[in-house]
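Below is the file query_24.pdb, which contains PDB, C-alpha atoms.
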ATOM      1  CA  MET S   1     -96.813 -15.636 -22.476
ATOM      2  CA  TRP S   2     -95.853 -13.345 -19.616
ATOM      3  CA  HIS S   3     -97.406  -9.890 -19.400
ATOM      4  CA  PHE S   4     -95.781  -6.998 -17.499
ATOM      5  CA  ILE S   5     -98.224  -5.136 -15.265
ATOM      6  CA  ALA S   6     -97.163  -1.635 -14.226
ATOM      7  CA  THR S   7     -97.954  -1.419 -10.506
ATOM      8  CA  PRO S   8     -97.683   1.878  -8.568
ATOM      9  CA  HIS S   9     -94.483   0.559  -6.952
ATOM     10  CA  THR S  10     -92.760  -0.263 -10.248
ATOM     11  CA  MET S  11     -93.911   3.037 -11.722
ATOM     12  CA  LYS S  12     -92.367   4.883  -8.752
ATOM     13  CA  LEU S  13     -89.068   3.022  -9.143
ATOM     14  CA  SER S  14     -89.023   3.793 -12.858
ATOM     15  CA  PHE S  15     -89.638   7.463 -12.157
ATOM     16  CA  LEU S  16     -86.850   7.622  -9.561
ATOM     17  CA  LYS S  17     -84.394   5.917 -11.922
ATOM     18  CA  PHE S  18     -85.329   8.385 -14.648
ATOM     19  CA  ALA S  19     -85.049  11.364 -12.284
ATOM     20  CA  PHE S  20     -81.634  10.447 -10.924
ATOM     21  CA  GLY S  21     -80.436   9.451 -14.367
ATOM     22  CA  LEU S  22     -81.404  12.913 -15.539
ATOM     23  CA  ILE S  23     -79.493  14.393 -12.591
ATOM     24  CA  LEU S  24     -76.373  12.482 -13.589
ATOM     25  CA  LEU S  25     -76.585  13.614 -17.196
ATOM     26  CA  THR S  26     -77.185  17.198 -16.127
ATOM     27  CA  SER S  27     -74.294  17.200 -13.665
ATOM     28  CA  CYS S  28     -71.827  16.099 -16.343
ATOM     29  CA  GLY S  29     -72.809  19.145 -18.389
ATOM     30  CA  ASP S  30     -72.374  21.443 -15.382
ATOM     31  CA  GLN S  31     -68.810  20.358 -14.519
ATOM     32  CA  PRO S  32     -66.544  23.426 -14.810
ATOM     33  CA  LYS S  33     -63.713  23.030 -17.311
ATOM     34  CA  GLN S  34     -60.981  25.664 -17.043
ATOM     35  CA  LEU S  35     -58.720  25.990 -13.997
ATOM     36  CA  SER S  36     -57.413  29.431 -13.073
ATOM     37  CA  GLY S  37     -53.738  28.410 -13.126
ATOM     38  CA  LYS S  38     -53.318  30.179  -9.766
ATOM     39  CA  ARG S  39     -52.423  27.782  -6.949
ATOM     40  CA  GLU S  40     -53.623  28.932  -3.538
ATOM     41  CA  THR S  41     -54.537  27.795  -0.046
ATOM     42  CA  ILE S  42     -57.950  28.499   1.421
ATOM     43  CA  GLU S  43     -59.649  27.678   4.727
ATOM     44  CA  VAL S  44     -63.276  26.624   4.618
ATOM     45  CA  ALA S  45     -66.167  25.578   6.841
ATOM     46  CA  TYR S  46     -68.829  23.056   5.855
ATOM     47  CA  VAL S  47     -72.388  24.401   5.591
ATOM     48  CA  ASN S  48     -74.946  21.644   6.119
ATOM     49  CA  TRP S  49     -77.736  23.136   4.011
ATOM     50  CA  ALA S  50     -81.065  21.320   3.801
ATOM     51  CA  CYS S  51     -81.047  22.032   0.066
ATOM     52  CA  ASP S  52     -78.760  20.949  -2.750
ATOM     53  CA  CYS S  53     -76.397  23.892  -3.155
ATOM     54  CA  ALA S  54     -72.780  24.984  -2.751
ATOM     55  CA  ASP S  55     -71.881  23.769   0.739
ATOM     56  CA  PHE S  56     -68.554  25.297   1.804
ATOM     57  CA  ILE S  57     -67.659  28.858   2.735
ATOM     58  CA  GLU S  58     -64.258  30.461   3.236
ATOM     59  CA  ILE S  59     -63.841  31.359   6.895
ATOM     60  CA  LYS S  60     -62.422  34.770   5.967
ATOM     61  CA  TYR S  61     -66.036  35.960   5.673
ATOM     62  CA  PHE S  62     -66.894  35.462   9.314
ATOM     63  CA  LYS S  63     -63.804  34.935  11.468
ATOM     64  CA  ASP S  64     -63.444  38.659  12.207
ATOM     65  CA  ASN S  65     -67.110  39.532  11.783
ATOM     66  CA  PRO S  66     -69.406  37.754  14.256
ATOM     67  CA  GLU S  67     -72.415  39.546  12.721
ATOM     68  CA  TYR S  68     -71.891  37.952   9.303
ATOM     69  CA  GLU S  69     -74.765  35.776   8.046
ATOM     70  CA  ILE S  70     -73.861  33.077   5.526
ATOM     71  CA  LYS S  71     -75.181  33.793   2.042
ATOM     72  CA  GLU S  72     -75.592  31.162  -0.642
ATOM     73  CA  GLU S  73     -73.827  33.398  -3.175
ATOM     74  CA  ASP S  74     -70.678  33.424  -0.984
ATOM     75  CA  CYS S  75     -70.512  29.616  -0.820
ATOM     76  CA  ILE S  76     -68.438  27.334  -3.027
ATOM     77  CA  PHE S  77     -68.265  23.707  -4.092
ATOM     78  CA  ILE S  78     -65.082  21.696  -3.563
ATOM     79  CA  GLU S  79     -63.835  18.689  -5.501
ATOM     80  CA  PRO S  80     -60.815  16.385  -5.065
ATOM     81  CA  ALA S  81     -58.165  16.193  -7.760
ATOM     82  CA  ASP S  82     -58.519  12.399  -7.478
ATOM     83  CA  LEU S  83     -60.608   9.924  -5.485
ATOM     84  CA  THR S  84     -57.786   9.039  -3.071
ATOM     85  CA  ILE S  85     -58.068  12.406  -1.313
ATOM     86  CA  GLN S  86     -61.797  12.682  -0.770
ATOM     87  CA  ILE S  87     -62.898  14.277   2.499
ATOM     88  CA  PRO S  88     -63.876  11.446   4.899
ATOM     89  CA  GLU S  89     -67.610  10.891   5.400
ATOM     90  CA  GLU S  90     -67.109  11.310   9.151
ATOM     91  CA  TYR S  91     -66.278  14.968   8.580
ATOM     92  CA  TYR S  92     -69.657  15.614   6.962
ATOM     93  CA  ASN S  93     -71.515  13.644   9.634
ATOM     94  CA  SER S  94     -70.029  15.237  12.745
ATOM     95  CA  GLY S  95     -66.393  16.330  12.278
ATOM     96  CA  HIS S  96     -67.335  19.704  10.806
ATOM     97  CA  PHE S  97     -68.660  20.820  14.193
ATOM     98  CA  GLU S  98     -65.100  20.823  15.580
ATOM     99  CA  ARG S  99     -62.855  21.329  12.562
ATOM    100  CA  TYR S 100     -62.341  23.515   9.530
ATOM    101  CA  LEU S 101     -60.626  22.379   6.340
ATOM    102  CA  LYS S 102     -57.505  23.893   4.825
ATOM    103  CA  LEU S 103     -57.346  23.139   1.110
ATOM    104  CA  THR S 104     -54.579  23.705  -1.414
ATOM    105  CA  GLY S 105     -55.375  23.776  -5.114
ATOM    106  CA  GLN S 106     -57.030  26.021  -7.700
ATOM    107  CA  PHE S 107     -60.369  27.614  -8.399
ATOM    108  CA  TYR S 108     -61.973  27.044 -11.777
ATOM    109  CA  LYS S 109     -62.484  30.157 -13.860
ATOM    110  CA  ASP S 110     -66.048  29.179 -14.726
ATOM    111  CA  LYS S 111     -68.827  28.441 -12.254
ATOM    112  CA  GLY S 112     -70.464  25.050 -12.206
ATOM    113  CA  ILE S 113     -71.425  21.955 -10.233
ATOM    114  CA  PRO S 114     -68.637  19.372  -9.863
ATOM    115  CA  ASN S 115     -69.428  15.792 -10.832
ATOM    116  CA  SER S 116     -68.155  14.712  -7.408
ATOM    117  CA  TYR S 117     -70.964  16.592  -5.639
ATOM    118  CA  GLU S 118     -73.464  14.086  -4.208
ATOM    119  CA  ARG S 119     -76.997  15.389  -4.396
ATOM    120  CA  LYS S 120     -79.534  14.604  -1.715
ATOM    121  CA  THR S 121     -82.625  15.311  -3.837
ATOM    122  CA  PRO S 122     -83.596  15.662  -7.514
ATOM    123  CA  GLU S 123     -83.288  19.438  -6.991
ATOM    124  CA  GLN S 124     -81.029  21.216  -9.463
ATOM    125  CA  PRO S 125     -78.344  23.195  -7.567
ATOM    126  CA  ARG S 126     -77.301  26.640  -8.675
ATOM    127  CA  LYS S 127     -73.884  26.912 -10.249
ATOM    128  CA  ALA S 128     -71.180  28.365  -8.002
ATOM    129  CA  ARG S 129     -67.414  28.767  -7.796
ATOM    130  CA  VAL S 130     -65.596  25.433  -7.543
ATOM    131  CA  PHE S 131     -62.261  24.817  -5.793
ATOM    132  CA  ARG S 132     -60.305  21.752  -6.962
ATOM    133  CA  TYR S 133     -57.986  20.666  -4.148
ATOM    134  CA  ASP S 134     -54.992  18.328  -4.302
ATOM    135  CA  SER S 135     -54.270  18.306  -0.551
ATOM    136  CA  PHE S 136     -56.171  19.022   2.631
ATOM    137  CA  THR S 137     -55.637  19.205   6.385
ATOM    138  CA  PHE S 138     -57.978  19.662   9.321
ATOM    139  CA  LEU S 139     -57.876  22.753  11.532
ATOM    140  CA  ASP S 140     -59.171  22.612  15.089
ATOM    141  CA  LYS S 141     -61.799  25.347  15.400
ATOM    142  CA  ALA S 142     -61.177  26.310  19.022
ATOM    143  CA  SER S 143     -57.404  26.806  18.894
ATOM    144  CA  HIS S 144     -57.449  28.211  15.372
ATOM    145  CA  ASP S 145     -60.049  30.854  16.156
ATOM    146  CA  THR S 146     -58.356  31.893  19.414
ATOM    147  CA  ASN S 147     -54.873  32.224  17.914
ATOM    148  CA  SER S 148     -56.144  34.023  14.822
ATOM    149  CA  LYS S 149     -58.098  36.587  16.850
ATOM    150  CA  VAL S 150     -55.075  37.383  19.032
ATOM    151  CA  THR S 151     -52.829  37.780  15.984
ATOM    152  CA  SER S 152     -55.440  39.855  14.131
ATOM    153  CA  GLY S 153     -55.738  42.194  17.081
ATOM    154  CA  LEU S 154     -51.981  42.773  17.257
ATOM    155  CA  LEU S 155     -51.725  43.332  13.493
ATOM    156  CA  ASN S 156     -54.289  46.141  13.383
ATOM    157  CA  GLY S 157     -52.767  49.585  12.944
ATOM    158  CA  THR S 158     -50.243  51.423  10.764
ATOM    159  CA  TRP S 159     -46.725  49.990  10.364
ATOM    160  CA  ILE S 160     -43.683  51.812   8.958
ATOM    161  CA  HIS S 161     -40.991  49.864   7.057
ATOM    162  CA  GLU S 162     -37.617  50.059   8.830
ATOM    163  CA  GLU S 163     -35.561  50.413   5.607
ATOM    164  CA  ASP S 164     -37.901  52.822   3.813
ATOM    165  CA  GLY S 165     -39.784  55.328   5.929
ATOM    166  CA  LEU S 166     -42.052  56.225   2.996
ATOM    167  CA  SER S 167     -43.351  52.643   2.799
ATOM    168  CA  SER S 168     -46.049  51.545   5.244
ATOM    169  CA  LEU S 169     -48.857  49.090   5.903
ATOM    170  CA  THR S 170     -52.370  49.828   7.098
ATOM    171  CA  ILE S 171     -54.114  46.801   8.613
ATOM    172  CA  SER S 172     -57.759  46.946   9.712
ATOM    173  CA  ASN S 173     -60.924  44.804   9.498
ATOM    174  CA  ASN S 174     -59.027  41.875   7.960
ATOM    175  CA  GLN S 175     -57.681  44.101   5.163
ATOM    176  CA  TRP S 176     -53.994  44.759   4.461
ATOM    177  CA  THR S 177     -53.105  47.863   2.436
ATOM    178  CA  PHE S 178     -49.656  48.701   1.045
ATOM    179  CA  ASN S 179     -48.975  52.449   1.072
ATOM    180  CA  TYR S 180     -46.155  54.562  -0.340
ATOM    181  CA  GLU S 181     -45.639  58.252   0.497
ATOM    182  CA  ASN S 182     -49.011  59.992   0.486
ATOM    183  CA  ASN S 183     -50.292  58.360  -2.681
ATOM    184  CA  SER S 184     -53.858  57.069  -2.632
ATOM    185  CA  SER S 185     -54.027  53.295  -2.442
ATOM    186  CA  LYS S 186     -55.156  51.473  -5.574
ATOM    187  CA  GLU S 187     -57.284  48.338  -5.665
ATOM    188  CA  ASP S 188     -54.168  46.223  -6.370
ATOM    189  CA  ASP S 189     -52.649  47.464  -3.076
ATOM    190  CA  ILE S 190     -55.472  46.059  -0.916
ATOM    191  CA  TYR S 191     -55.455  42.414   0.208
ATOM    192  CA  GLN S 192     -57.630  40.121   2.313
ATOM    193  CA  ILE S 193     -55.811  38.441   5.215
ATOM    194  CA  SER S 194     -55.816  34.744   6.146
ATOM    195  CA  ILE S 195     -53.850  33.617   9.207
ATOM    196  CA  VAL S 196     -52.857  29.937   9.144
ATOM    197  CA  ASP S 197     -50.641  27.637  11.184
ATOM    198  CA  LYS S 198     -49.189  25.734   8.215
ATOM    199  CA  LEU S 199     -47.857  26.656   4.795
ATOM    200  CA  PRO S 200     -47.019  23.305   3.141
ATOM    201  CA  GLU S 201     -46.067  24.935  -0.159
ATOM    202  CA  PHE S 202     -42.928  26.364   1.491
ATOM    203  CA  VAL S 203     -42.526  25.033   5.047
ATOM    204  CA  LYS S 204     -42.605  21.520   6.522
ATOM    205  CA  GLU S 205     -45.931  20.839   8.220
ATOM    206  CA  THR S 206     -44.128  19.880  11.426
ATOM    207  CA  GLU S 207     -42.857  23.458  11.757
ATOM    208  CA  LYS S 208     -44.738  25.388  14.431
ATOM    209  CA  ALA S 209     -45.345  28.937  13.263
ATOM    210  CA  GLU S 210     -47.996  31.403  12.128
ATOM    211  CA  PHE S 211     -48.260  32.478   8.521
ATOM    212  CA  ILE S 212     -50.118  35.217   6.680
ATOM    213  CA  ILE S 213     -51.656  34.679   3.251
ATOM    214  CA  LEU S 214     -52.640  37.874   1.422
ATOM    215  CA  THR S 215     -55.010  37.634  -1.538
ATOM    216  CA  ASN S 216     -56.703  39.983  -3.949
ATOM    217  CA  LYS S 217     -58.175  39.521  -7.436
ATOM    218  CA  THR S 218     -54.789  39.257  -9.150
ATOM    219  CA  ASP S 219     -52.178  38.219  -6.599
ATOM    220  CA  THR S 220     -51.368  36.029  -3.583
ATOM    221  CA  MET S 221     -48.534  36.741  -1.139
ATOM    222  CA  TYR S 222     -47.141  34.525   1.630
ATOM    223  CA  PHE S 223     -45.369  35.544   4.867
ATOM    224  CA  GLU S 224     -44.174  33.854   8.015
ATOM    225  CA  ILE S 225     -44.572  35.894  11.198
ATOM    226  CA  LEU S 226     -41.133  35.942  12.818
ATOM    227  CA  ASN S 227     -42.081  38.395  15.554
ATOM    228  CA  LEU S 228     -45.216  40.331  16.424
ATOM    229  CA  ASP S 229     -45.919  42.482  19.447
ATOM    230  CA  ALA S 230     -47.365  45.906  20.194
ATOM    231  CA  LYS S 231     -44.393  47.695  18.581
ATOM    232  CA  VAL S 232     -42.637  45.379  16.093
ATOM    233  CA  LEU S 233     -43.756  43.269  13.123
ATOM    234  CA  SER S 234     -41.118  41.049  11.522
ATOM    235  CA  LEU S 235     -42.012  39.015   8.421
ATOM    236  CA  LEU S 236     -40.315  36.507   6.126
ATOM    237  CA  ASN S 237     -41.622  36.493   2.564
ATOM    238  CA  TYR S 238     -42.013  33.276   0.559
ATOM    239  CA  PRO S 239     -40.665  32.284  -1.863
ATOM    240  CA  THR S 240     -38.104  35.147  -1.958
ATOM    241  CA  GLY S 241     -36.788  34.610   1.592
ATOM    242  CA  ARG S 242     -36.647  38.380   2.085
ATOM    243  CA  ARG S 243     -37.168  39.707   5.624
ATOM    244  CA  HIS S 244     -39.289  42.786   6.332
ATOM    245  CA  LEU S 245     -39.229  44.690   9.612
ATOM    246  CA  TYR S 246     -41.935  47.204  10.548
ATOM    247  CA  THR S 247     -42.495  49.373  13.602
ATOM    248  CA  LYS S 248     -45.924  50.531  14.685
ATOM    249  CA  LYS S 249     -46.685  54.201  14.124
TER
END

Produce C-alpha cells that represent the structure in this file.
Amino acid sequence: MWHFIATPHTMKLSFLKFAFGLILLTSCGDQPKQLSGKRETIEVAYVNWACDCADFIEIKYFKDNPEYEIKEEDCIFIEPADLTIQIPEEYYNSGHFERYLKLTGQFYKDKGIPNSYERKTPEQPRKARVFRYDSFTFLDKASHDTNSKVTSGLLNGTWIHEEDGLSSLTISNNQWTFNYENNSSKEDDIYQISIVDKLPEFVKETEKAEFIILTNKTDTMYFEILNLDAKVLSLLNYPTGRRHLYTKK
C-alpha cells in the first residue's frame, strides 16, 4: 500500500493552487455587469504598478498639467470585448514607453475587477472603473503630445460665434465652456477636452486631421478642426455635419 507523505514542497504547491484558485473565484464575483450604454473614445497610458491594481489612466489628467501625480483612484481597468482584440504583450513589456492607447467602447456603470485582468500576486486589487473596448489603436507619444500642446495653446481664450454674437466659448486649462449672453454657466455647459488624430466612429482612419472630443458627466460631443489660428476657429460637428465658425475676442 502506498502512503502519501506531505513534504514542504508539496505543501507549498498545494497552498499556491488553493491561493490562486481562490483568486479566480473571487475575480469572477468582482466582474462588473452593467454597461453604461454610452459609446465613447478615450486615450490612456499604461501604469506599471508594482502592486495588483487598476493599471491605466486617461491622459487627460496629465497632458496639460505636468505637475499632476498619478493617483490610484484616478486609474481604470480595461478589458477587451473579445479575446481577438487583446492588447499585445509587447505593449506591456516595452511598447508603453513610446505609445499611448486609444480605445473605443463603453465604461461599466459599476466598479469592479474584470476577469481578463491578470494578477501578479495573490493580492486582492481594489475595485475601480472598467472600460470595455471593442477597438484600439496606438498613438505615438512624441508626435501626439507635441501636436496636442500646440492645438491646446491656440484654443485657449474666448471665441464668439459668427452667426450668433450672444453665443461664445471659453476655453482654458483643458476645459471648454459654452456661454450664452451673460448667463452663468451651468455644470452641463462645461466639458473636458481630448484632442485626437483619428475619429473612427465618423471618419476613415486614413484621413489626416485633428478632432476634438468633449465630455462631461452626461454628454459627449465630437468636432473636426477645419481651421484654427490666432483669430479663427472653424469646426465641423459629428454626426450632424453642421459647421461652426468662431472668431477670437

Exercise. Taking into account all atoms listed in the file, which residue in the set S:Lys109, S:Ile42, S:Val203, S:Asp52 is nearest to Pro122 of chain S?
Worked result: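 So, comparing all the options, the nearest one is S:Asp52.
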
Problem set entry | Shortest interatomic distance to Ile59 of chain S - which of S:Ile190, S:Leu235, S:Cys75, S:Ala128, counting all atoms listed in the file | S:Cys75

Problem set entry | Matched chain/residue IDs from the PyMOL selection byres ((chain S and resi 130-134) around 7), as a ChimeraX atom specification | /S:76-81,103-108,111-112,128-129,135

Exercise. How far is it from atom CA of Glu67 of chain S to atom CA of His96 of chain S, in Å with one decimal?
Worked result: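 Calculated distance between atom CA of Glu67 of chain S and atom CA of His96 of chain S is 20.6 Å.
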
Problem set entry | Picked residues, the PyMOL selection byres ((chain S and resi 43) around 8), as a ChimeraX atom specification | /S:41-42,44-45,58-60,100-103

Seminar exercise, completed: Restricting to only C-alpha atoms, whichever of S:Ser36, S:Ser234, S:Ser94, S:Ser152 is closest to Lys248 of chain S is S:Ser234

For Asp140 of chain S, work out the shell of residues within 9 Å, counting all atoms listed in the file and skipping chain neighbours fewer than 3 positions away, then give it as an mmCIF file with C-alpha atoms, in the coordinates of the input.
data_model
loop_
_atom_site.group_PDB
_atom_site.id
_atom_site.type_symbol
_atom_site.label_atom_id
_atom_site.label_comp_id
_atom_site.auth_asym_id
_atom_site.auth_seq_id
_atom_site.Cartn_x
_atom_site.Cartn_y
_atom_site.Cartn_z
ATOM 1 C CA GLU S 98 -65.100 20.823 15.580
ATOM 2 C CA ARG S 99 -62.855 21.329 12.562
ATOM 3 C CA TYR S 100 -62.341 23.515 9.530
ATOM 4 C CA LEU S 101 -60.626 22.379 6.340
ATOM 5 C CA SER S 143 -57.404 26.806 18.894
ATOM 6 C CA HIS S 144 -57.449 28.211 15.372
ATOM 7 C CA ASP S 145 -60.049 30.854 16.156
#

With a distance cut-off of 8 Å and all atoms listed in the file, select the neighbouring residues of Thr121 of chain S, excluding the residue or stretch itself and same-chain residues fewer than 2 positions from it, and output the selection as a PDB file with C-alpha atoms, in the frame of the given file.
ATOM      1  CA  CYS S  51     -81.047  22.032   0.066  1.00  0.00           C
ATOM      2  CA  ASP S  52     -78.760  20.949  -2.750  1.00  0.00           C
ATOM      3  CA  ARG S 119     -76.997  15.389  -4.396  1.00  0.00           C
ATOM      4  CA  GLU S 123     -83.288  19.438  -6.991  1.00  0.00           C
TER       5      GLU S 123
END

Exercise. Mind telling me what the PyMOL selection byres ((chain S and resi 162-169) around 12) catches here, as number ranges by chain?
Worked result: S: 155-161, 170-172, 175-183, 185, 189-191, 232-235, 243-249

Exercise. Between atom CA of Lys127 of chain S and atom CA of Tyr91 of chain S, what is the spacing in Å?
Worked result: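 Going from atom CA of Tyr91 of chain S over to atom CA of Lys127 of chain S covers 23.6 Å.
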
Exercise. Taking into account only C-alpha atoms, which residue in the set S:Lys71, S:Asn174, S:Gln31, S:Leu226 is nearest to Ser148 of chain S?
Worked result: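 Of S:Lys71, S:Asn174, S:Gln31, S:Leu226, the one nearest Ser148 of chain S is S:Asn174, counting only C-alpha atoms.
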
Problem set entry | Distance of atom CA of Tyr61 of chain S from atom CA of Pro125 of chain S, expressed in Å to one decimal place | 22.1 Å

For this session: Between S:Lys33, S:Glu210, S:Thr84, S:Tyr92, single out the one closest to Asn115 of chain S, counting only C-alpha atoms.
Result: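 Nearest candidate to Asn115 of chain S out of S:Lys33, S:Glu210, S:Thr84, S:Tyr92: S:Lys33.
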
Six-sided padding of 6 Å per side, axis-aligned box over segment 105-108 of chain S, centre and edges in Å, one decimal, as lines of an AutoDock Vina configuration file:
center_x = -58.7
center_y = 25.7
center_z = -8.4
size_x = 18.6
size_y = 15.8
size_z = 18.7

Problem set entry | Contacts of Asn48 of chain S at 10 Å (only C-alpha atoms; same-chain gap of 5+ positions) as a list in words |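 What passes the distance filter is Cys53, Ala54, Asp55, Phe56, Tyr92, Asn93 and His96 of chain S.
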
Exercise. Which is closest to Ala142 of chain S among S:Arg242, S:Lys63, S:Glu90, S:Gln124, if we use only C-alpha atoms?
Worked result: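 Counting only C-alpha atoms, the residue closest to Ala142 of chain S is S:Lys63.
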
When you get a chance, write out N, CA and C atoms for segment 116-144 of chain S, as a short mmCIF file (atom, residue, chain, number, x, y, z; two decimals), in the frame of the given file.
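What ended up in out_23.cif:
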data_model
loop_
_atom_site.label_atom_id
_atom_site.label_comp_id
_atom_site.auth_asym_id
_atom_site.auth_seq_id
_atom_site.Cartn_x
_atom_site.Cartn_y
_atom_site.Cartn_z
N SER S 116 -68.36 15.41 -8.68
CA SER S 116 -68.16 14.71 -7.41
C SER S 116 -69.20 15.09 -6.36
N TYR S 117 -69.96 16.16 -6.61
CA TYR S 117 -70.96 16.59 -5.64
C TYR S 117 -72.11 15.58 -5.58
N GLU S 118 -72.41 15.08 -4.39
CA GLU S 118 -73.46 14.09 -4.21
C GLU S 118 -74.76 14.78 -3.80
N ARG S 119 -75.73 14.73 -4.67
CA ARG S 119 -77.00 15.39 -4.40
C ARG S 119 -77.86 14.55 -3.46
N LYS S 120 -78.63 15.26 -2.66
CA LYS S 120 -79.53 14.60 -1.72
C LYS S 120 -80.93 14.44 -2.30
N THR S 121 -81.28 15.28 -3.26
CA THR S 121 -82.62 15.31 -3.84
C THR S 121 -82.51 15.48 -5.35
N PRO S 122 -83.63 15.38 -6.07
CA PRO S 122 -83.60 15.66 -7.51
C PRO S 122 -83.46 17.15 -7.83
N GLU S 123 -83.39 17.99 -6.79
CA GLU S 123 -83.29 19.44 -6.99
C GLU S 123 -82.02 19.80 -7.77
N GLN S 124 -82.16 20.75 -8.67
CA GLN S 124 -81.03 21.22 -9.46
C GLN S 124 -80.30 22.34 -8.73
N PRO S 125 -79.07 22.12 -8.27
CA PRO S 125 -78.34 23.20 -7.57
C PRO S 125 -78.00 24.35 -8.51
N ARG S 126 -77.80 25.51 -7.90
CA ARG S 126 -77.30 26.64 -8.68
C ARG S 126 -75.80 26.48 -8.88
N LYS S 127 -75.32 26.95 -10.00
CA LYS S 127 -73.88 26.91 -10.25
C LYS S 127 -73.18 27.89 -9.30
N ALA S 128 -71.96 27.53 -8.91
CA ALA S 128 -71.18 28.36 -8.00
C ALA S 128 -69.70 28.18 -8.32
N ARG S 129 -68.85 28.95 -7.64
CA ARG S 129 -67.41 28.77 -7.80
C ARG S 129 -67.03 27.38 -7.28
N VAL S 130 -66.03 26.78 -7.92
CA VAL S 130 -65.60 25.43 -7.54
C VAL S 130 -64.09 25.45 -7.29
N PHE S 131 -63.68 24.91 -6.13
CA PHE S 131 -62.26 24.82 -5.79
C PHE S 131 -61.83 23.35 -5.92
N ARG S 132 -60.84 23.11 -6.76
CA ARG S 132 -60.30 21.75 -6.96
C ARG S 132 -59.05 21.62 -6.10
N TYR S 133 -59.10 20.78 -5.08
CA TYR S 133 -57.99 20.67 -4.15
C TYR S 133 -57.17 19.40 -4.41
N ASP S 134 -55.85 19.50 -4.18
CA ASP S 134 -54.99 18.33 -4.30
C ASP S 134 -54.38 17.93 -2.96
N SER S 135 -54.67 18.70 -1.91
CA SER S 135 -54.27 18.31 -0.55
C SER S 135 -55.19 19.01 0.44
N PHE S 136 -55.36 18.39 1.60
CA PHE S 136 -56.17 19.02 2.63
C PHE S 136 -55.66 18.63 4.01
N THR S 137 -55.91 19.50 4.98
CA THR S 137 -55.64 19.20 6.38
C THR S 137 -56.81 19.73 7.20
N PHE S 138 -56.94 19.21 8.41
CA PHE S 138 -57.98 19.66 9.32
C PHE S 138 -57.41 20.74 10.24
N LEU S 139 -58.25 21.71 10.59
CA LEU S 139 -57.88 22.75 11.53
C LEU S 139 -58.86 22.71 12.70
N ASP S 140 -58.32 22.61 13.91
CA ASP S 140 -59.17 22.61 15.09
C ASP S 140 -59.80 23.99 15.25
N LYS S 141 -61.11 24.06 15.35
CA LYS S 141 -61.80 25.35 15.40
C LYS S 141 -61.42 26.17 16.62
N ALA S 142 -61.40 25.56 17.78
CA ALA S 142 -61.18 26.31 19.02
C ALA S 142 -59.82 26.99 19.04
N SER S 143 -58.75 26.21 18.83
CA SER S 143 -57.40 26.81 18.89
C SER S 143 -57.15 27.73 17.73
N HIS S 144 -57.67 27.38 16.56
CA HIS S 144 -57.45 28.21 15.37
C HIS S 144 -58.10 29.58 15.55
#
